[in-house]
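J.: Okay, so here is start.csv, and as you'll see once you scroll down, it has CSV, C-alpha atoms and all ligand atoms.
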```
chain,number,residue,atom,x,y,z
A,187,MET,CA,-27.9,3.0,6.3
A,188,SER,CA,-27.4,4.2,9.9
A,189,THR,CA,-24.3,3.2,11.9
A,190,HIS,CA,-22.7,4.0,15.2
A,191,TYR,CA,-19.1,4.8,15.1
A,192,SER,CA,-16.9,7.3,16.9
A,193,LEU,CA,-14.5,9.3,14.6
A,194,THR,CA,-11.7,7.5,16.4
A,195,ASP,CA,-13.2,4.1,15.5
A,196,LEU,CA,-13.0,5.3,11.9
A,197,GLY,CA,-9.3,6.2,12.2
A,198,TRP,CA,-9.6,10.0,12.9
A,199,SER,CA,-6.6,11.6,14.5
A,200,PRO,CA,-5.2,15.1,15.4
A,201,TYR,CA,-3.6,15.1,11.9
A,202,PHE,CA,-7.0,15.5,10.3
A,203,GLN,CA,-8.6,17.5,13.2
A,204,GLN,CA,-6.1,20.3,12.6
A,205,GLN,CA,-7.3,20.6,9.0
A,206,ILE,CA,-10.8,21.7,10.0
A,207,LEU,CA,-11.5,25.2,11.3
A,208,LEU,CA,-13.5,25.4,14.5
A,209,GLU,CA,-16.4,27.2,12.8
A,210,GLU,CA,-16.6,24.4,10.2
A,211,TRP,CA,-17.5,21.8,12.8
A,212,ASP,CA,-21.1,22.8,12.9
A,213,ILE,CA,-21.6,22.7,9.2
A,214,LEU,CA,-19.3,19.9,7.9
A,215,THR,CA,-19.2,16.2,8.6
A,216,PRO,CA,-16.0,14.1,8.2
A,217,ALA,CA,-16.5,10.9,6.3
A,218,ARG,CA,-14.1,8.0,5.6
A,219,VAL,CA,-14.0,6.4,2.2
A,220,ILE,CA,-14.4,2.6,2.6
A,221,GLU,CA,-15.0,1.6,-1.0
A,222,GLN,CA,-14.5,3.1,-4.4
A,223,HIS,CA,-16.4,2.3,-7.6
A,224,LYS,CA,-16.3,3.8,-11.1
A,225,SER,CA,-18.7,6.7,-10.4
A,226,ILE,CA,-19.3,6.6,-6.6
A,227,VAL,CA,-17.4,6.2,-3.4
A,228,CYS,CA,-19.0,4.6,-0.3
A,229,VAL,CA,-18.2,6.4,2.9
A,230,LEU,CA,-18.8,6.0,6.7
A,231,THR,CA,-19.6,8.9,9.0
A,232,GLU,CA,-20.3,8.5,12.7
A,233,SER,CA,-23.9,7.9,12.0
A,234,SER,CA,-24.4,6.6,8.5
A,235,GLU,CA,-23.1,4.7,5.5
A,236,LEU,CA,-23.5,6.8,2.3
A,237,ASN,CA,-22.8,6.7,-1.4
A,238,ILE,CA,-21.2,9.9,-2.8
A,239,GLU,CA,-21.3,10.5,-6.5
A,240,LEU,CA,-17.9,11.4,-8.1
A,241,THR,CA,-17.7,14.4,-10.4
A,242,HIS,CA,-15.0,15.8,-12.6
A,243,SER,CA,-14.4,18.8,-10.3
A,244,MET,CA,-13.4,16.4,-7.4
A,245,PRO,CA,-9.8,15.4,-6.9
A,246,PRO,CA,-8.8,11.7,-7.2
A,247,ILE,CA,-10.2,9.9,-4.2
A,248,VAL,CA,-9.1,6.5,-2.9
A,249,VAL,CA,-10.1,4.1,-0.2
A,250,GLY,CA,-9.0,5.3,3.2
A,251,ASP,CA,-9.3,9.0,2.3
A,252,TRP,CA,-11.1,11.4,4.6
A,253,ILE,CA,-13.5,13.8,3.0
A,254,LEU,CA,-15.7,16.6,4.4
A,255,LEU,CA,-19.5,16.7,3.5
A,256,ASP,CA,-21.9,19.5,3.9
A,257,LYS,CA,-25.4,19.3,5.5
A,258,ASP,CA,-26.8,17.8,2.3
A,259,ASN,CA,-24.0,15.2,2.1
A,260,ARG,CA,-22.3,16.9,-0.8
A,261,PHE,CA,-18.6,16.7,-1.2
A,262,VAL,CA,-16.8,19.8,0.1
A,263,ARG,CA,-13.1,18.9,0.2
A,264,LEU,CA,-10.5,16.2,0.6
A,265,LEU,CA,-8.3,16.2,3.7
A,266,GLU,CA,-4.6,16.0,3.2
A,267,ARG,CA,-3.4,12.4,3.4
A,268,LYS,CA,-1.2,11.2,6.3
A,269,THR,CA,0.1,8.3,4.2
A,270,CYS,CA,-0.5,7.3,0.6
A,271,PHE,CA,0.1,4.1,-1.3
A,272,LYS,CA,0.7,4.3,-5.0
A,273,ARG,CA,2.3,2.4,-7.8
A,274,LYS,CA,2.8,2.7,-11.5
A,275,ALA,CA,-0.3,1.2,-13.2
A,276,ALA,CA,0.2,-2.4,-14.4
A,277,GLY,CA,1.3,-3.1,-17.9
A,278,THR,CA,2.4,-0.5,-20.4
A,279,LYS,CA,0.1,2.2,-19.2
A,280,ILE,CA,2.0,5.3,-18.0
A,281,GLU,CA,-0.1,6.2,-15.1
A,282,GLU,CA,0.2,6.6,-11.3
A,283,GLN,CA,-2.4,4.5,-9.5
A,284,LEU,CA,-3.5,5.2,-6.0
A,285,ILE,CA,-3.9,2.1,-3.9
A,286,ALA,CA,-4.9,3.4,-0.4
A,287,ALA,CA,-4.7,6.4,1.8
A,288,ASN,CA,-4.2,7.1,5.5
A,289,VAL,CA,-2.9,3.6,6.3
A,290,ASP,CA,-0.9,3.3,9.5
A,291,ILE,CA,0.3,-0.3,9.3
A,292,ALA,CA,1.0,-2.5,6.3
A,293,PHE,CA,1.0,-6.3,6.7
A,294,VAL,CA,3.3,-7.5,3.9
A,295,VAL,CA,2.0,-11.0,3.5
A,296,CYS,CA,4.3,-13.7,2.1
A,297,SER,CA,3.4,-17.4,2.2
A,298,LEU,CA,5.9,-20.0,3.4
A,299,ASN,CA,5.8,-22.0,0.3
A,300,GLU,CA,7.0,-21.4,-3.2
A,301,ASP,CA,5.9,-17.7,-2.8
A,302,PHE,CA,8.6,-17.0,-0.3
A,303,ASN,CA,10.9,-14.5,-1.9
A,304,LEU,CA,13.2,-12.0,-0.2
A,305,SER,CA,13.4,-9.8,-3.2
A,306,ARG,CA,9.7,-9.5,-3.4
A,307,VAL,CA,9.6,-8.6,0.3
A,308,GLU,CA,12.1,-5.8,-0.4
A,309,ARG,CA,10.0,-4.5,-3.2
A,310,TYR,CA,6.9,-4.3,-0.9
A,311,LEU,CA,9.0,-2.7,1.9
A,312,SER,CA,10.1,0.1,-0.5
A,313,LEU,CA,6.4,0.7,-1.4
A,314,VAL,CA,5.4,0.8,2.3
A,315,TYR,CA,8.3,3.0,3.5
A,316,GLU,CA,7.6,5.4,0.6
A,317,SER,CA,4.0,5.7,1.7
A,318,ARG,CA,5.1,6.5,5.3
A,319,ALA,CA,3.2,3.6,6.8
A,320,GLU,CA,4.9,1.0,9.1
A,321,PRO,CA,5.6,-2.4,7.6
A,322,ILE,CA,5.1,-5.7,9.4
A,323,VAL,CA,6.2,-8.8,7.5
A,324,VAL,CA,3.6,-11.6,7.9
A,325,LEU,CA,4.7,-15.0,6.9
A,326,SER,CA,1.5,-17.0,6.2
A,327,LYS,CA,0.8,-20.7,5.9
A,328,SER,CA,3.2,-21.5,8.8
A,329,ASP,CA,1.4,-24.7,9.2
A,330,LEU,CA,2.8,-26.0,5.9
A,331,VAL,CA,6.5,-25.8,6.9
A,332,ASP,CA,8.6,-27.4,9.6
A,333,SER,CA,11.2,-24.7,10.3
A,334,LYS,CA,9.4,-21.3,10.5
A,335,GLU,CA,12.4,-20.0,12.4
A,336,ASP,CA,14.6,-20.5,9.4
A,337,TYR,CA,12.4,-18.2,7.3
A,338,ILE,CA,11.9,-15.7,10.0
A,339,ASN,CA,15.7,-15.4,10.3
A,340,GLN,CA,16.1,-14.8,6.6
A,341,VAL,CA,13.6,-11.9,6.8
A,342,THR,CA,15.2,-10.5,9.9
A,343,SER,CA,18.6,-10.6,8.2
A,344,LEU,CA,17.3,-7.9,5.8
A,345,ASP,CA,16.9,-5.5,8.7
A,346,SER,CA,17.1,-6.5,12.3
A,347,HIS,CA,14.6,-3.8,13.3
A,348,LEU,CA,11.9,-5.3,11.0
A,349,SER,CA,8.9,-6.9,12.7
A,350,VAL,CA,8.3,-10.4,11.4
A,351,GLU,CA,5.5,-12.8,12.5
A,352,SER,CA,4.6,-16.2,11.1
A,353,VAL,CA,0.9,-17.2,11.2
A,354,ASN,CA,-1.5,-19.8,10.1
A,355,CYS,CA,-4.2,-17.6,8.7
A,356,LEU,CA,-6.9,-20.3,9.1
A,357,ASP,CA,-6.3,-20.4,12.9
A,358,ALA,CA,-7.8,-17.5,14.9
A,359,SER,CA,-5.5,-18.2,17.9
A,360,SER,CA,-2.4,-18.1,15.7
A,361,VAL,CA,-3.6,-14.8,14.1
A,362,ASN,CA,-4.0,-13.3,17.5
A,363,ARG,CA,-0.3,-12.4,17.7
A,364,LEU,CA,-1.0,-9.7,15.1
A,365,LYS,CA,-3.5,-8.0,17.4
A,366,GLU,CA,-0.6,-6.0,18.9
A,367,TRP,CA,-0.7,-3.8,15.8
A,368,ILE,CA,-4.5,-3.7,15.4
A,369,ARG,CA,-5.2,-1.0,18.0
A,370,PRO,CA,-8.4,1.2,18.0
A,371,GLY,CA,-8.1,3.9,15.3
A,372,ASN,CA,-5.3,2.1,13.4
A,373,THR,CA,-5.8,1.4,9.7
A,374,ILE,CA,-4.1,-1.8,8.5
A,375,VAL,CA,-3.7,-2.7,4.8
A,376,LEU,CA,-3.0,-6.3,3.7
A,377,LEU,CA,-0.5,-6.5,0.8
A,378,GLY,CA,1.0,-9.4,-1.1
A,379,SER,CA,0.7,-11.7,-4.1
A,380,SER,CA,-2.5,-13.5,-5.0
A,381,GLY,CA,-3.2,-16.6,-3.0
A,382,VAL,CA,-0.9,-15.9,0.0
A,383,GLY,CA,-3.9,-15.8,2.4
A,384,LYS,CA,-4.7,-12.1,2.8
A,385,SER,CA,-8.5,-12.6,2.7
A,386,THR,CA,-8.2,-15.6,4.9
A,387,LEU,CA,-6.2,-13.5,7.4
A,388,ALA,CA,-8.8,-10.7,7.2
A,389,ASN,CA,-11.6,-13.1,7.9
A,390,SER,CA,-9.8,-14.5,11.0
A,391,LEU,CA,-9.1,-11.0,12.3
A,392,LEU,CA,-12.6,-9.9,11.7
A,393,GLY,CA,-14.0,-13.1,13.2
A,394,GLU,CA,-16.3,-13.6,10.3
A,395,SER,CA,-16.3,-14.8,6.7
A,396,ARG,CA,-16.6,-11.5,5.1
A,397,GLN,CA,-14.0,-11.7,2.3
A,398,VAL,CA,-14.4,-14.5,-0.3
A,399,THR,CA,-11.4,-16.8,-0.4
A,400,SER,CA,-10.4,-19.3,-2.9
A,401,HIS,CA,-9.7,-23.0,-2.7
A,402,ILE,CA,-9.2,-23.6,-6.4
A,403,ARG,CA,-6.1,-22.2,-8.0
A,404,GLU,CA,-5.5,-22.3,-11.7
A,405,ASP,CA,-2.2,-23.7,-12.6
A,406,ASP,CA,-1.1,-21.1,-15.1
A,407,GLY,CA,1.7,-19.7,-13.0
A,408,LYS,CA,-0.1,-16.4,-12.7
A,409,GLY,CA,-2.5,-17.4,-9.9
A,410,ARG,CA,-6.1,-16.5,-9.8
A,411,HIS,CA,-7.3,-13.3,-8.3
A,412,THR,CA,-10.0,-14.0,-5.8
A,413,THR,CA,-10.3,-10.6,-4.3
A,414,THR,CA,-11.1,-8.0,-7.0
A,415,SER,CA,-12.0,-4.9,-5.1
A,416,ARG,CA,-10.8,-3.0,-2.0
A,417,SER,CA,-12.9,-2.3,1.0
A,418,LEU,CA,-12.0,-0.9,4.4
A,419,VAL,CA,-13.8,-2.7,7.2
A,420,PRO,CA,-14.0,-1.7,10.9
A,421,ILE,CA,-13.0,-4.6,13.3
A,422,SER,CA,-15.3,-4.9,16.3
A,423,SER,CA,-12.4,-4.9,18.7
A,424,GLY,CA,-11.0,-1.7,17.2
A,425,GLY,CA,-9.0,-0.8,14.1
A,426,LEU,CA,-9.9,-1.0,10.5
A,427,ILE,CA,-8.7,-3.5,7.9
A,428,LEU,CA,-8.2,-3.1,4.2
A,429,ASP,CA,-7.9,-6.3,2.1
A,430,THR,CA,-6.5,-5.8,-1.4
A,431,PRO,CA,-6.5,-7.9,-4.5
A,432,GLY,CA,-3.2,-9.7,-4.9
A,433,MET,CA,-0.9,-7.6,-7.0
A,434,ARG,CA,1.0,-9.6,-9.6
A,435,GLU,CA,3.1,-6.7,-10.6
A,436,ILE,CA,3.9,-3.8,-8.3
A,437,GLN,CA,6.0,-1.4,-10.4
A,438,LEU,CA,7.8,1.2,-8.2
A,439,ALA,CA,7.7,4.8,-9.3
A,440,ASP,CA,8.7,7.9,-7.4
A,441,SER,CA,9.9,5.7,-4.6
A,442,LYS,CA,13.5,6.6,-4.2
A,443,GLU,CA,13.2,7.4,-0.5
A,444,GLY,CA,11.3,4.1,0.1
A,445,ILE,CA,14.1,2.2,-1.6
A,446,SER,CA,16.7,4.1,0.4
A,447,MET,CA,15.0,3.2,3.7
A,448,THR,CA,14.6,-0.5,2.7
A,449,PHE,CA,18.3,-0.7,1.8
A,450,ALA,CA,19.7,1.7,4.5
A,451,ASP,CA,22.5,-0.8,5.3
A,452,ILE,CA,23.9,-0.5,1.7
A,453,GLU,CA,23.5,3.3,1.6
A,454,VAL,CA,25.3,3.7,4.9
A,455,LEU,CA,28.2,1.5,3.6
A,456,ALA,CA,28.3,3.5,0.4
A,457,GLU,CA,29.4,6.5,2.4
A,458,SER,CA,32.7,4.8,3.1
A,459,CYS,CA,33.4,4.1,-0.6
A,460,ARG,CA,36.6,5.8,-1.8
A,461,PHE,CA,34.8,7.7,-4.6
A,462,GLY,CA,31.8,9.8,-3.9
A,463,ASP,CA,30.1,8.8,-7.1
A,464,CYS,CA,31.0,5.1,-6.7
A,465,GLN,CA,28.5,2.8,-8.6
A,466,HIS,CA,29.6,-0.2,-6.5
A,467,THR,CA,30.3,-2.3,-9.6
A,468,GLN,CA,34.1,-2.2,-10.2
A,469,GLU,CA,35.6,0.8,-8.5
A,470,PRO,CA,38.6,0.4,-6.2
A,471,GLY,CA,38.0,1.0,-2.5
A,472,CYS,CA,34.3,0.2,-2.8
A,473,ALA,CA,32.9,-0.6,0.7
A,474,VAL,CA,29.7,-2.1,-0.7
A,475,MET,CA,31.5,-4.7,-2.8
A,476,ALA,CA,33.8,-5.4,0.1
A,477,ALA,CA,30.8,-6.2,2.2
A,478,VAL,CA,29.5,-8.6,-0.5
A,479,GLU,CA,32.9,-10.3,-0.5
A,480,THR,CA,32.8,-10.9,3.3
A,481,GLY,CA,29.1,-12.0,3.2
A,482,GLN,CA,27.9,-9.0,5.3
A,483,ILE,CA,25.6,-8.1,2.3
A,484,GLU,CA,24.0,-10.7,0.2
A,485,LYS,CA,24.8,-10.5,-3.5
A,486,ARG,CA,21.1,-11.0,-4.2
A,487,ARG,CA,20.2,-8.0,-2.1
A,488,LEU,CA,22.7,-5.7,-3.8
A,489,ASP,CA,21.4,-6.9,-7.2
A,490,ASN,CA,17.8,-6.3,-6.2
A,491,TYR,CA,18.8,-2.8,-4.9
A,492,PHE,CA,20.2,-1.9,-8.3
A,493,LYS,CA,17.2,-3.4,-10.0
A,494,LEU,CA,14.6,-1.5,-8.0
A,495,LEU,CA,16.6,1.8,-8.3
A,496,LYS,CA,16.7,1.3,-12.1
A,497,GLU,CA,13.0,0.4,-12.4
A,498,ASP,CA,12.1,3.4,-10.2
A,499,GLU,CA,14.2,5.8,-12.2
A,500,ILE,CA,12.7,4.7,-15.6
A,501,ASN,CA,9.1,4.8,-14.3
A,502,SER,CA,9.6,8.1,-12.5
A,503,ALA,CA,11.0,9.6,-15.7
A,504,SER,CA,8.1,8.4,-17.8
A,505,LEU,CA,5.6,9.6,-15.3
A,506,ALA,CA,7.2,13.0,-15.1
A,507,ASP,CA,7.2,13.1,-18.9
A,508,LYS,CA,3.5,12.2,-19.0
A,509,ARG,CA,2.7,14.9,-16.4
A,510,ALA,CA,4.5,17.5,-18.5
A,511,LYS,CA,2.7,16.4,-21.7
A,512,ASP,CA,-0.7,16.4,-19.9
A,513,LYS,CA,0.0,19.9,-18.6
A,514,ALA,CA,0.9,21.2,-22.1
A,515,LEU,CA,-2.2,19.5,-23.5
A,516,GLY,CA,-4.3,21.1,-20.8
A,517,LYS,CA,-2.9,24.6,-21.7
A,518,PHE,CA,-3.5,23.9,-25.4
A,519,TYR,CA,-7.2,23.0,-24.7
A,520,LYS,CA,-7.6,26.1,-22.5
A,521,ARG,CA,-6.1,28.3,-25.2
A,522,THR,CA,-8.2,26.8,-28.0
A,523,LEU,CA,-11.3,27.2,-25.8
A,524,THR,CA,-10.5,30.9,-25.0
A,525,GLU,CA,-9.8,31.6,-28.6
A,526,SER,CA,-13.0,29.9,-29.9
A,527,ASN,CA,-15.0,31.8,-27.2
A,528,LYS,CA,-13.4,35.0,-28.4
A,529,LEU,CA,-14.4,34.2,-32.0
A,530,LYS,CA,-18.0,33.5,-30.8
A,531,GLY,CA,-18.0,36.8,-29.0
A,532,ARG,CA,-17.3,38.7,-32.2
A,601,LIG,N1,-2.6,-24.1,5.1
A,601,LIG,C1,-2.9,-22.8,5.0
A,601,LIG,N2,-3.7,-22.4,4.0
A,601,LIG,C2,-4.0,-21.1,3.9
A,601,LIG,C3,-3.4,-20.1,4.8
A,601,LIG,N3,-3.9,-18.9,4.5
A,601,LIG,C4,-4.6,-19.1,3.4
A,601,LIG,N4,-4.7,-20.4,3.0
A,601,LIG,C5,-5.4,-20.9,1.8
A,601,LIG,O1,-4.8,-20.3,0.7
A,601,LIG,C6,-5.8,-20.1,-0.3
A,601,LIG,C7,-5.8,-18.6,-0.8
A,601,LIG,O2,-6.2,-17.8,0.3
A,601,LIG,P1,-6.8,-16.3,0.1
A,601,LIG,O3,-7.1,-15.8,1.4
A,601,LIG,O4,-8.0,-16.4,-0.8
A,601,LIG,O5,-5.6,-15.6,-0.6
A,601,LIG,P2,-5.6,-14.0,-1.0
A,601,LIG,O6,-4.2,-13.5,-0.6
A,601,LIG,O7,-6.7,-13.3,-0.5
A,601,LIG,O8,-5.7,-14.1,-2.6
A,601,LIG,P3,-6.2,-12.9,-3.7
A,601,LIG,O9,-7.5,-12.4,-3.2
A,601,LIG,O10,-6.3,-13.6,-5.0
A,601,LIG,O11,-5.1,-11.9,-3.7
A,601,LIG,C8,-7.1,-20.6,0.3
A,601,LIG,O12,-7.4,-21.9,-0.1
A,601,LIG,C9,-6.8,-20.5,1.8
A,601,LIG,O13,-7.6,-21.4,2.5
A,601,LIG,C10,-2.6,-20.6,5.9
A,601,LIG,O14,-2.1,-19.9,6.8
A,601,LIG,N5,-2.4,-22.0,5.9
A,602,MG,MG,-8.2,-12.2,-1.4
A,603,ZN,ZN,31.0,1.6,-3.8
```
Write the structure described by the file as structure tokens, please.
Ligand SMILES: Nc1nc2c(ncn2[C@@H]2O[C@H](COP(=O)(O)OP(=O)(O)OP(=O)(O)O)[C@@H](O)[C@H]2O)c(=O)[nH]1
Ligand SMILES: [Mg+2]
Ligand SMILES: [Zn+2]

T.:
Amino acid sequence: MSTHYSLTDLGWSPYFQQQILLEEWDILTPARVIEQHKSIVCVLTESSELNIELTHSMPPIVVGDWILLDKDNRFVRLLERKTCFKRKAAGTKIEEQLIAANVDIAFVVCSLNEDFNLSRVERYLSLVYESRAEPIVVLSKSDLVDSKEDYINQVTSLDSHLSVESVNCLDASSVNRLKEWIRPGNTIVLLGSSGVGKSTLANSLLGESRQVTSHIREDDGKGRHTTTSRSLVPISSGGLILDTPGMREIQLADSKEGISMTFADIEVLAESCRFGDCQHTQEPGCAVMAAVETGQIEKRRLDNYFKLLKEDEINSASLADKRAKDKALGKFYKRTLTESNKLKGR
């Protein structure tokens, strides 16, 4: 299918430009991955939309990635990512799962009803900061509550520098206030639980009903996932938007820095604790516990900080263990293969 985009429309920037040699420009074409399936990825170049077959020799590729193609539209290489979202795979699987690459802005969508939960916002913020994208907290379904200000203040109390907006996703004029972040070339990802209105918001921003939304919700406490795949869509007024399926469980892994950035206030206070290795649980002269006493830090926030750190530590350790085992297994296969080849050669 032929298309007409400039590389900037697709999110190209100097960061990617500098990864291509001058002499490569004539023979290679940059392409942005907009959808991923089991055996193919769908990409957009300045002039066409193509399907590229995935092979075992290719590195893991995710929506948002930039890849280079040769004259016959064959994969040449993956460009280094500016930002990358990942999480530990859901359930008991010990695996890192890529969510999206090269995202500039993440809208952390949280609805102003029973879904409103500051600890969940903190969990998403850790994920976003770790990825190096910029978070904007979007409080959806503002039409369903009387006092939006109350909720906005609660989120701002987490971090006064945090950008927070409340919107009615069904109303285009209300959604307009988010346009400030949707500049040409910016890639925006929508994150949040199932049913909070991510696809509704995407449709209002795109000005069309491209994403399927749901009116019926099963009452099993788990919610029903309406969006089941990820696709990156260019917005006609500039910018690209990536709707994601609601994630019921985002387990953090290798996100220590993201957690530190989310809870910077606690970490700054910790520097004033009497003991350098203070655990902030019972030590005398603990500045963090003193701040909880005076109400400067919410007890819930401190508990969530501990919880996310613990979870991250456990998941990071099991992922590291898995990587080491995979590496050993790879070496074993290689050795077996070499030895059996040697035997054959006799
Ligand atoms: N009143 C109101 N309803 C909304 C708003 N945003 C979304 N909804 C409704 O909430 C329901 C779920 O919206 P979706 O956009 O499908 O939610 P989602 O976040 O994409 O859900 P998943 O795809 O399952 O992750 C639909 O019935 C929407 O019409 C809003 O701002 N106000
Ligand atoms: Mg959806
Ligand atoms: Zn302390």

J.: Skipping near chain neighbours, those fewer than 3 positions away, what residues fall within 7 Å of A:Ser326 using all atoms listed in the file, listed as a list in words?

T.: Val295, Cys296, Ser297, Leu298, Ser352, Val353, Asn354, Cys355, Val382 and Gly383 of chain A

J.: Separation of atom P2 of ligand LIG 601 (chain A) and atom CA of A:Leu438, in Å?

T.: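 Atom-to-atom, atom P2 of ligand LIG 601 (chain A) and atom CA of A:Leu438 are spaced 21.5 Å apart.
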
J.: Could you tell me how far atom CA of A:Leu207 sits from atom CA of A:Met244, in Å to one decimal place?

T.: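 Between atom CA of A:Met244 and atom CA of A:Leu207 the gap is 20.8 Å.
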
J.: Please give me, as an MDAnalysis selection string, the residues lying within 9 Å of ligand ZN 603 (chain A) when counting only C-alpha atoms and all ligand atoms.

T.: chainID A and resid 455:476

J.: Could the residues in this selection be written to a file with C-alpha atoms, as a compact mmCIF listing (two decimals), in the frame of the given file?

T.:
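Done, and the output landed in out23.txt:
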```txt
# COMPACT_ATOMS: atom_id res chain seq x y z
CA LEU A 455 28.20 1.50 3.60
CA ALA A 456 28.30 3.50 0.40
CA GLU A 457 29.40 6.50 2.40
CA SER A 458 32.70 4.80 3.10
CA CYS A 459 33.40 4.10 -0.60
CA ARG A 460 36.60 5.80 -1.80
CA PHE A 461 34.80 7.70 -4.60
CA GLY A 462 31.80 9.80 -3.90
CA ASP A 463 30.10 8.80 -7.10
CA CYS A 464 31.00 5.10 -6.70
CA GLN A 465 28.50 2.80 -8.60
CA HIS A 466 29.60 -0.20 -6.50
CA THR A 467 30.30 -2.30 -9.60
CA GLN A 468 34.10 -2.20 -10.20
CA GLU A 469 35.60 0.80 -8.50
CA PRO A 470 38.60 0.40 -6.20
CA GLY A 471 38.00 1.00 -2.50
CA CYS A 472 34.30 0.20 -2.80
CA ALA A 473 32.90 -0.60 0.70
CA VAL A 474 29.70 -2.10 -0.70
CA MET A 475 31.50 -4.70 -2.80
CA ALA A 476 33.80 -5.40 0.10
```

J.: Quick one: everything within 12 Å of A:Thr215, counting all atoms listed in the file, minus sequence neighbours fewer than 3 positions away in the same chain. Send it as a PyMOL selection string.

T.: chain A and resi 193+203+206+210-212+218+229-234+252-265

J.: Between A:Ser188, A:Ser417, A:Thr480, A:Ser305, which one has atoms that come closest to A:Gln222, using all atoms listed in the file?

T.: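 Once distances to A:Gln222 are computed over all atoms listed in the file, the minimum belongs to A:Ser417.
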
J.: Env of A:Gln205: 9 Å cut, atoms = all atoms listed in the file, seq-sep filter 4 positions within chain, self excluded. Answer as a list in words.

T.: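 Listed by chain and then number, they are Pro200, Tyr201, Leu265 and Glu266 of chain A.
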
J.: Could you write those residues out with C-alpha atoms, as a compact mmCIF listing (two decimals), keeping the file's coordinate frame?

T.:
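See out.txt below for the written result:
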```txt
# COMPACT_ATOMS: atom_id res chain seq x y z
CA PRO A 200 -5.20 15.10 15.40
CA TYR A 201 -3.60 15.10 11.90
CA LEU A 265 -8.30 16.20 3.70
CA GLU A 266 -4.60 16.00 3.20
```

J.: Record the distance separating atom O9 of ligand LIG 601 (chain A) and atom CA of A:Leu387, expressed in Å with one decimal.

T.: 10.7 Å

J.: Would you write out, as JSON lines, a table of all residues in stretch 192-294 of chain A that have an atom no more than 8 Å from an atom of stretch 494-515 of chain A, listing for each the closest atom pair and the distance in Å to one decimal, considering only C-alpha atoms and ordering rows by chain and rising residue number?

T.:
```
{"residue": "A:Lys274", "atom": "CA", "partner": "A:Asn501", "partner_atom": "CA", "distance": 7.2}
{"residue": "A:Ile280", "atom": "CA", "partner": "A:Leu505", "partner_atom": "CA", "distance": 6.2}
{"residue": "A:Glu281", "atom": "CA", "partner": "A:Leu505", "partner_atom": "CA", "distance": 6.6}
{"residue": "A:Glu282", "atom": "CA", "partner": "A:Leu505", "partner_atom": "CA", "distance": 7.4}
```

J.: Here is a test: counting only C-alpha atoms, which residue of A:Leu208, A:Ile445, A:Ile421, A:Ile427 is nearest to A:Ser317?

T.: A:Ile445

J.: Could you tell me which of A:Gly516, A:Gly250, A:Pro216, A:Gly378 comes closest to A:Val324 if we count all atoms listed in the file?

T.: A:Gly378

J.: Which is closest to ligand MG 602 (chain A) among A:Gly444, A:Gly381, A:Gly425, A:Pro420, if we use all atoms listed in the file?

T.: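 Nearest candidate to ligand MG 602 (chain A) out of A:Gly444, A:Gly381, A:Gly425, A:Pro420: A:Gly381.
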
J.: Could you list, as a list in words, every residue within 12 Å of A:Ser333, counting only C-alpha atoms and ignoring same-chain residues fewer than 5 positions away?

T.: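 Once the nearby chain positions are removed, what remains is Leu298, Asn299, Lys327, Ser328, Ile338, Asn339, Gln340 and Ser352 of chain A.
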
J.: Between A:Phe271, A:Phe492, A:Tyr315, A:Phe293, which residue has the minimum interatomic distance to ligand LIG 601 (chain A), considering only C-alpha atoms and all ligand atoms?

T.: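 When distances to ligand LIG 601 (chain A) are compared using only C-alpha atoms and all ligand atoms, the smallest one comes from A:Phe293.
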
J.: For ligand LIG 601 (chain A), which of A:Asp357, A:Glu525, A:Asp251, A:Glu335 is the closest residue, counting all atoms listed in the file?

T.: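 Looking at the shortest contact to ligand LIG 601 (chain A), the residue is A:Asp357.
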
J.: Neighbourhood query: residues within 9 Å of (0.7, -11.3, -6.5), file coordinates, counting only C-alpha atoms; return as an mmCIF file with C-alpha atoms, in the frame of the given file.

T.:
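Written out: out_13.cif:
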```
data_model
loop_
_atom_site.group_PDB
_atom_site.id
_atom_site.type_symbol
_atom_site.label_atom_id
_atom_site.label_comp_id
_atom_site.auth_asym_id
_atom_site.auth_seq_id
_atom_site.Cartn_x
_atom_site.Cartn_y
_atom_site.Cartn_z
ATOM 1 C CA LEU A 377 -0.500 -6.500 0.800
ATOM 2 C CA GLY A 378 1.000 -9.400 -1.100
ATOM 3 C CA SER A 379 0.700 -11.700 -4.100
ATOM 4 C CA SER A 380 -2.500 -13.500 -5.000
ATOM 5 C CA GLY A 381 -3.200 -16.600 -3.000
ATOM 6 C CA VAL A 382 -0.900 -15.900 0.000
ATOM 7 C CA LYS A 408 -0.100 -16.400 -12.700
ATOM 8 C CA GLY A 409 -2.500 -17.400 -9.900
ATOM 9 C CA HIS A 411 -7.300 -13.300 -8.300
ATOM 10 C CA PRO A 431 -6.500 -7.900 -4.500
ATOM 11 C CA GLY A 432 -3.200 -9.700 -4.900
ATOM 12 C CA MET A 433 -0.900 -7.600 -7.000
ATOM 13 C CA ARG A 434 1.000 -9.600 -9.600
ATOM 14 C CA GLU A 435 3.100 -6.700 -10.600
ATOM 15 C CA ILE A 436 3.900 -3.800 -8.300
#
```

J.: Give me the residues near A:Arg416 as a short mmCIF file (atom, residue, chain, number, x, y, z; two decimals) with C-alpha atoms, keeping the file's coordinate frame, where near means some atom within 10 Å (using all atoms listed in the file) and where sequence neighbours in that chain fewer than 3 positions away do not count.

T.:
```cif
data_model
loop_
_atom_site.label_atom_id
_atom_site.label_comp_id
_atom_site.auth_asym_id
_atom_site.auth_seq_id
_atom_site.Cartn_x
_atom_site.Cartn_y
_atom_site.Cartn_z
CA ILE A 220 -14.40 2.60 2.60
CA GLU A 221 -15.00 1.60 -1.00
CA GLN A 222 -14.50 3.10 -4.40
CA HIS A 223 -16.40 2.30 -7.60
CA VAL A 248 -9.10 6.50 -2.90
CA VAL A 249 -10.10 4.10 -0.20
CA GLY A 250 -9.00 5.30 3.20
CA ILE A 285 -3.90 2.10 -3.90
CA ALA A 286 -4.90 3.40 -0.40
CA VAL A 375 -3.70 -2.70 4.80
CA THR A 413 -10.30 -10.60 -4.30
CA VAL A 419 -13.80 -2.70 7.20
CA LEU A 428 -8.20 -3.10 4.20
CA ASP A 429 -7.90 -6.30 2.10
CA THR A 430 -6.50 -5.80 -1.40
CA PRO A 431 -6.50 -7.90 -4.50
#
```
